[in-house]
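A quick write-up on the structure given underneath.
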Amino acid sequence: MNKSKVKKNISSAQDQQYLADVFAAGVQCHQTGDLPQAEKRYKQVLQSNPDQPEVLHRLGLLYYQVGNYDSGVTFIKKAIAQNPSVPSYYNNLGIVLRNKGEIDAAIQCYQEALRLNPGYAAPHLNLGVVLQKQEKLDKAIKHYREAIRLEPDYAEAHSNISVVLQKQGKSDESIKHCLEALRLKPDFADAHHNMGNALKDQGKFDEAIKYFHKALRLNPHHAEAYNCLGIILAEQGRLSEATEYYQTVLRLMPNHADTHNNIGTTLKDQGRSDEAIGYYLEAMRLKQNHANIHSNLLFSMHYTSTLDPSRIYTEHCHWADKHGLPLMGTTQPHFNKGQPDRKLRVGYVSPDFRAHSVAYFIEPILSFHDPDTCEVTCYSNVVSPDLVTDRLTGLPDHWRNIVGLSDERVADLIRSDRIDILVDLAGHTANNRMPLFARKPAPVQVTYLGYPNTTGLPTMDYRVTDESADPTGQTERLHTEELIRLPEGFLCYRPPENAPEVSSLPALGTGNITFGSFNNRAKITPEIVEDWSTILRSVPGSRLILKAKALNDKGTRQTLWEMFSGNDVVQKRVELIGYLPFEQHLQLYNRIDIGLDTFPYHGTTTTCEALWMGVPVITLAGETHVSRVGVSLLSRVGLPELIAESSEDYIQKAAQLAGDVERLQELRANLRPAMIRSPLTDGAGFTRSLEEAYREMWKRWCAEAAKRR
C-alpha cells in the first residue's frame, strides 16, 4: 500500500497524535544523547507544523548543545515569538546568549523570565553565574541564595555558591554547600570537584585528591579536576606527576589557558625557566586580559640568565600598558588632609601574611611601628590563613580581610579608611593585587619587600631599597618608581624563635668541607651548576647539599644530577633533599660549613637563615636588585669579603674560605651574635627609618597638593 495515500486518509486527530509521537520520540533521543535522531524528528514535526513553540525551543536547545549558538538563538527566539509568556524560553535563551558572549542580552532574558515568574529559581542561578564571571561575587551569592530559597533541593545552586564562597576565603561555608549538593545529587561530578577545591585551599590535600578522583570517575573528561590534581601535586613538589595531569588537560582542551600557565609555573620550579616563558606566552595569547598570567611571566623572567635587564623592564611596562592603563581612568581625586606633620595612615597589602618569607621581614615593621606617628592597617589577601596569620593579625591597628573582594571594592575600602600611604608587599608574585594599585586608591603608593624589581606602574610612586641593592645611578633607568634608599639596608629580619643552637663546625667531624644552598630549584641555573662543580673539583673531598621542595620530584633530581655529571662531578658528592618541616630545615644547616648563594636571583630568607645558623654565605654581585640582595645582607652583618665581583672571584672565595678552617670556626661562633648586633635584626631602628621615609614621601605629596590648589 502507498504510504502517502495512507497519510491522506488520516484524520486531523490522528495526524496530531502522530506528530505528538514523533516529538516524544525526538525528546527521548535528545535525553539519551542521540542528537542526530532528535534533530531529525524535531524537523519532521516542524515540516507539518512550523509554529510549534516547544518543538522550536527544543531544537534551539539541541543546537546550543552541539555548539551551534547562532541556530540555538534563532530557534528559541522563534519559540518566544509563538508564545512570549513562557519563562523557561527566556531563561534558556539567556544561557545560549551568555555562551555567545552577549552578556547584557543574556541578563535581560533572565530578568524577563523572573518578571514572568518571580518564583522561578533557574534565572537566579544563571544571573549568579554571570555575576560570578564578572567577579561581582557578593551579587552572585545573593542570586544563588535566592535560588536556594525558592528551591532548597537545587543541587546546582549549592554547588555554584560553594565556588564563590571558596573564592572569598570562606572554605568552611563552601564545604557545607558542597556536602549539601552531594547529598542531593551524589553523582554530581562538579560538586565533587568543588569539594576538592575547598579542601585544597585548606591544605587538606589527601582528602581533596579523593574528591577530584571521584569527579573523574563520574566524568572522565572533567578537565578542571585534572588541572586541580596537577596543582596539588606541584604544591607537594611532585612536579613530573603534575605535568602529566596538565598534559591530560591539554589533550582534552588544547586551549585551556590556565593549564598552559600552570605548566609554565611547574617548568619554572624545575629550573626550566626558558621553557616556562613559552608556556606563559601561550597562556597570555589564549587569555589576553589575564593580568595574573602576565605577572607570572614577569616573575619567571628573573630566574633566567639569558634575558637582559632592559628586556625585563620593557615587559613590566608592557604589563602596565595592557592591564594598568585602562584602570587608571578610574582614579578619583584624593581628599586626604594635606598636613605634613599629622599622624599618617599607612596601609600594607599582601597575600603573604602567613608562613611565607615575607612574614619574616614584615613582622618587625608591624611590631615596632610608632603608634603616635603612624596608624597601620593591613589588607590581607591570604587565601589560607595559618598560625603566622593569627600572630600577625594582632600587630597592626586594623586588619582587613580582602580575599574575594573586587579591586574596585577594596579601592573604596582603602579610600574610606583614608589611607595616606599604601604599601604593596607582593609586586608581581602570586595572588598580587597590582590592578588595585593601578586604580591609585591612596595618594602615595609604595612597592616594597616582596618583589625584586619595578612594578611598571606609573601609579606606583616609590620603591624602597638601599644603596647596596640598587647603587645610585645604576638601576634608576629600570624603574617606573622613584627609588628610596634606606641608610641601614632595606630589610629587617625576624629570626625564628625556636631555631636550633648553632653546632660546631661540621668539617671538624667529617674531615671535609660541606657546601650548601637551600634556595629553590628555579634559582639554580646551568651557570651556577658549572661554578659549583668547579668549586667541588677545587676542594678535594668536598660535598654539596642542595635542599628545595622541588627536589621531592625524582625527575627534577635526576636532571640536576645529570647537570653535575656533565661538569665532571659524580653523583655521590651532591646530596639532594626535598621538603622538610621547618625545624628540620633549620637543623640541616648544622651539616653545612659554607653557604653558596644563587645568581642571578639571590636568596633572601635562605641567606638570613644560613647566617643565623652560623653558616657564612658566598654571593656574586650582579647589576640589578635581584642579583644584589646578597650584597645588601652581607654588608649589613659586616662580611663584605664574601661578596664576589665575578664568577672567577666567586669560585676563588669559596675555595679560599674552604681552606681556612680557623676562619670558618670563628664565623661559626660569631655570626649569630653579629646578626643580633647588626641593623639586619634591629626592628625598632629599622622601622623608625622606614617610617621616616614615609614621612618624607608624605611631605612631598602635601607640598605638591598645595601647589595644585
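All residue names refer to the C-alpha cells as shown: chains lettered A, B, ... in order, residues numbered from 1 in each chain, ligands numbered from 1 in order.
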Give me every alpha helix (DSSP H) residue in range 348-546 of chain A, going by DSSP on the backbone, as a PyMOL selection string.
-> chain A and resi 357-368+387-393+407-416+434-438+506-510+526-538
Put those residues in a file: C-alpha atoms, as an mmCIF file, in the first residue's frame.
data_model
loop_
_atom_site.group_PDB
_atom_site.id
_atom_site.type_symbol
_atom_site.label_atom_id
_atom_site.label_comp_id
_atom_site.auth_asym_id
_atom_site.auth_seq_id
_atom_site.Cartn_x
_atom_site.Cartn_y
_atom_site.Cartn_z
ATOM 1 C CA SER A 357 59.301 34.561 53.511
ATOM 2 C CA VAL A 358 57.630 37.977 53.508
ATOM 3 C CA ALA A 359 56.362 37.388 57.058
ATOM 4 C CA TYR A 360 59.925 37.270 58.449
ATOM 5 C CA PHE A 361 60.529 40.818 57.240
ATOM 6 C CA ILE A 362 57.141 42.486 57.727
ATOM 7 C CA GLU A 363 56.601 41.287 61.298
ATOM 8 C CA PRO A 364 59.268 43.598 62.829
ATOM 9 C CA ILE A 365 57.722 46.554 60.976
ATOM 10 C CA LEU A 366 54.255 45.773 62.313
ATOM 11 C CA SER A 367 55.614 45.079 65.797
ATOM 12 C CA PHE A 368 57.648 48.274 66.131
ATOM 13 C CA LEU A 387 49.285 30.321 62.780
ATOM 14 C CA VAL A 388 51.562 33.054 61.430
ATOM 15 C CA THR A 389 48.481 34.896 60.176
ATOM 16 C CA ASP A 390 46.974 34.620 63.640
ATOM 17 C CA ARG A 391 50.120 36.096 65.167
ATOM 18 C CA LEU A 392 50.336 38.970 62.685
ATOM 19 C CA THR A 393 46.649 39.863 62.991
ATOM 20 C CA ASP A 407 39.730 45.576 43.280
ATOM 21 C CA GLU A 408 37.018 48.219 42.917
ATOM 22 C CA ARG A 409 35.556 47.374 46.298
ATOM 23 C CA VAL A 410 38.953 47.223 48.011
ATOM 24 C CA ALA A 411 39.829 50.594 46.497
ATOM 25 C CA ASP A 412 36.640 52.017 48.034
ATOM 26 C CA LEU A 413 37.538 50.431 51.378
ATOM 27 C CA ILE A 414 41.016 51.985 51.309
ATOM 28 C CA ARG A 415 39.523 55.375 50.481
ATOM 29 C CA SER A 416 37.014 55.063 53.318
ATOM 30 C CA MET A 434 48.566 45.044 41.141
ATOM 31 C CA PRO A 435 45.309 46.120 39.398
ATOM 32 C CA LEU A 436 44.240 47.614 42.730
ATOM 33 C CA PHE A 437 47.326 49.845 42.746
ATOM 34 C CA ALA A 438 46.620 50.852 39.144
ATOM 35 C CA PRO A 506 80.719 20.206 60.660
ATOM 36 C CA ALA A 507 84.094 19.852 58.903
ATOM 37 C CA LEU A 508 85.730 19.134 62.265
ATOM 38 C CA GLY A 509 83.672 15.946 62.468
ATOM 39 C CA THR A 510 83.571 14.893 58.811
ATOM 40 C CA PRO A 526 73.326 25.956 34.342
ATOM 41 C CA GLU A 527 75.904 28.678 35.033
ATOM 42 C CA ILE A 528 75.585 28.112 38.788
ATOM 43 C CA VAL A 529 75.976 24.359 38.399
ATOM 44 C CA GLU A 530 79.130 24.960 36.369
ATOM 45 C CA ASP A 531 80.605 27.210 39.082
ATOM 46 C CA TRP A 532 79.555 24.912 41.910
ATOM 47 C CA SER A 533 81.130 21.988 40.071
ATOM 48 C CA THR A 534 84.372 23.934 39.699
ATOM 49 C CA ILE A 535 84.329 24.670 43.447
ATOM 50 C CA LEU A 536 83.814 20.975 44.268
ATOM 51 C CA ARG A 537 86.670 19.981 41.976
ATOM 52 C CA SER A 538 88.860 22.686 43.556
#
Top pick for closest residue to Ser689 in chain A, considering A:Gly230, A:Ile484, A:Leu478, A:Ser310 and counting only C-alpha atoms =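 Of the candidates, the smallest distance to Ser689 in chain A is held by A:Ile484.
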Just the strand (DSSP E or B) stuff from range 412-500 of chain A, please, per backbone DSSP, written as a PyMOL selection string.
-> chain A and resi 421-424+444-447+462-466+482-486
Between CA of Val629 in chain A and CA of Arg311 in chain A, what is the distance, to one decimal in Å?
->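 Result for CA of Val629 in chain A versus CA of Arg311 in chain A: 20.5 Å, one decimal.
Counting only C-alpha atoms, the residue from A:Ala674, A:Leu61, A:Ala522, A:Val502 that sits nearest to Asn590 in chain A is A:Val502.
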All residues 10 Å or closer to Arg285 in chain A, only C-alpha atoms, same chain fewer than 5 positions away omitted, as an MDAnalysis selection string = chainID A and resid 255 257 279:280 290
Closest of A:Gly404, A:His316, A:Gln82, A:Gln339 to Val163 in chain A - atom-to-atom distances counting only C-alpha atoms | A:Gly404
Which one of A:Ala705, A:Pro36, A:Pro500, A:Ser468 sits closest to Phe335 in chain A if you count only C-alpha atoms?
->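 Closest to Phe335 in chain A, using only C-alpha atoms: A:Ala705.
Proximity to Ala655 in chain A was assessed for A:Ala13, A:Ile513, A:Asn289, A:Asp274 counting only C-alpha atoms; the smallest distance is recorded for A:Ile513.
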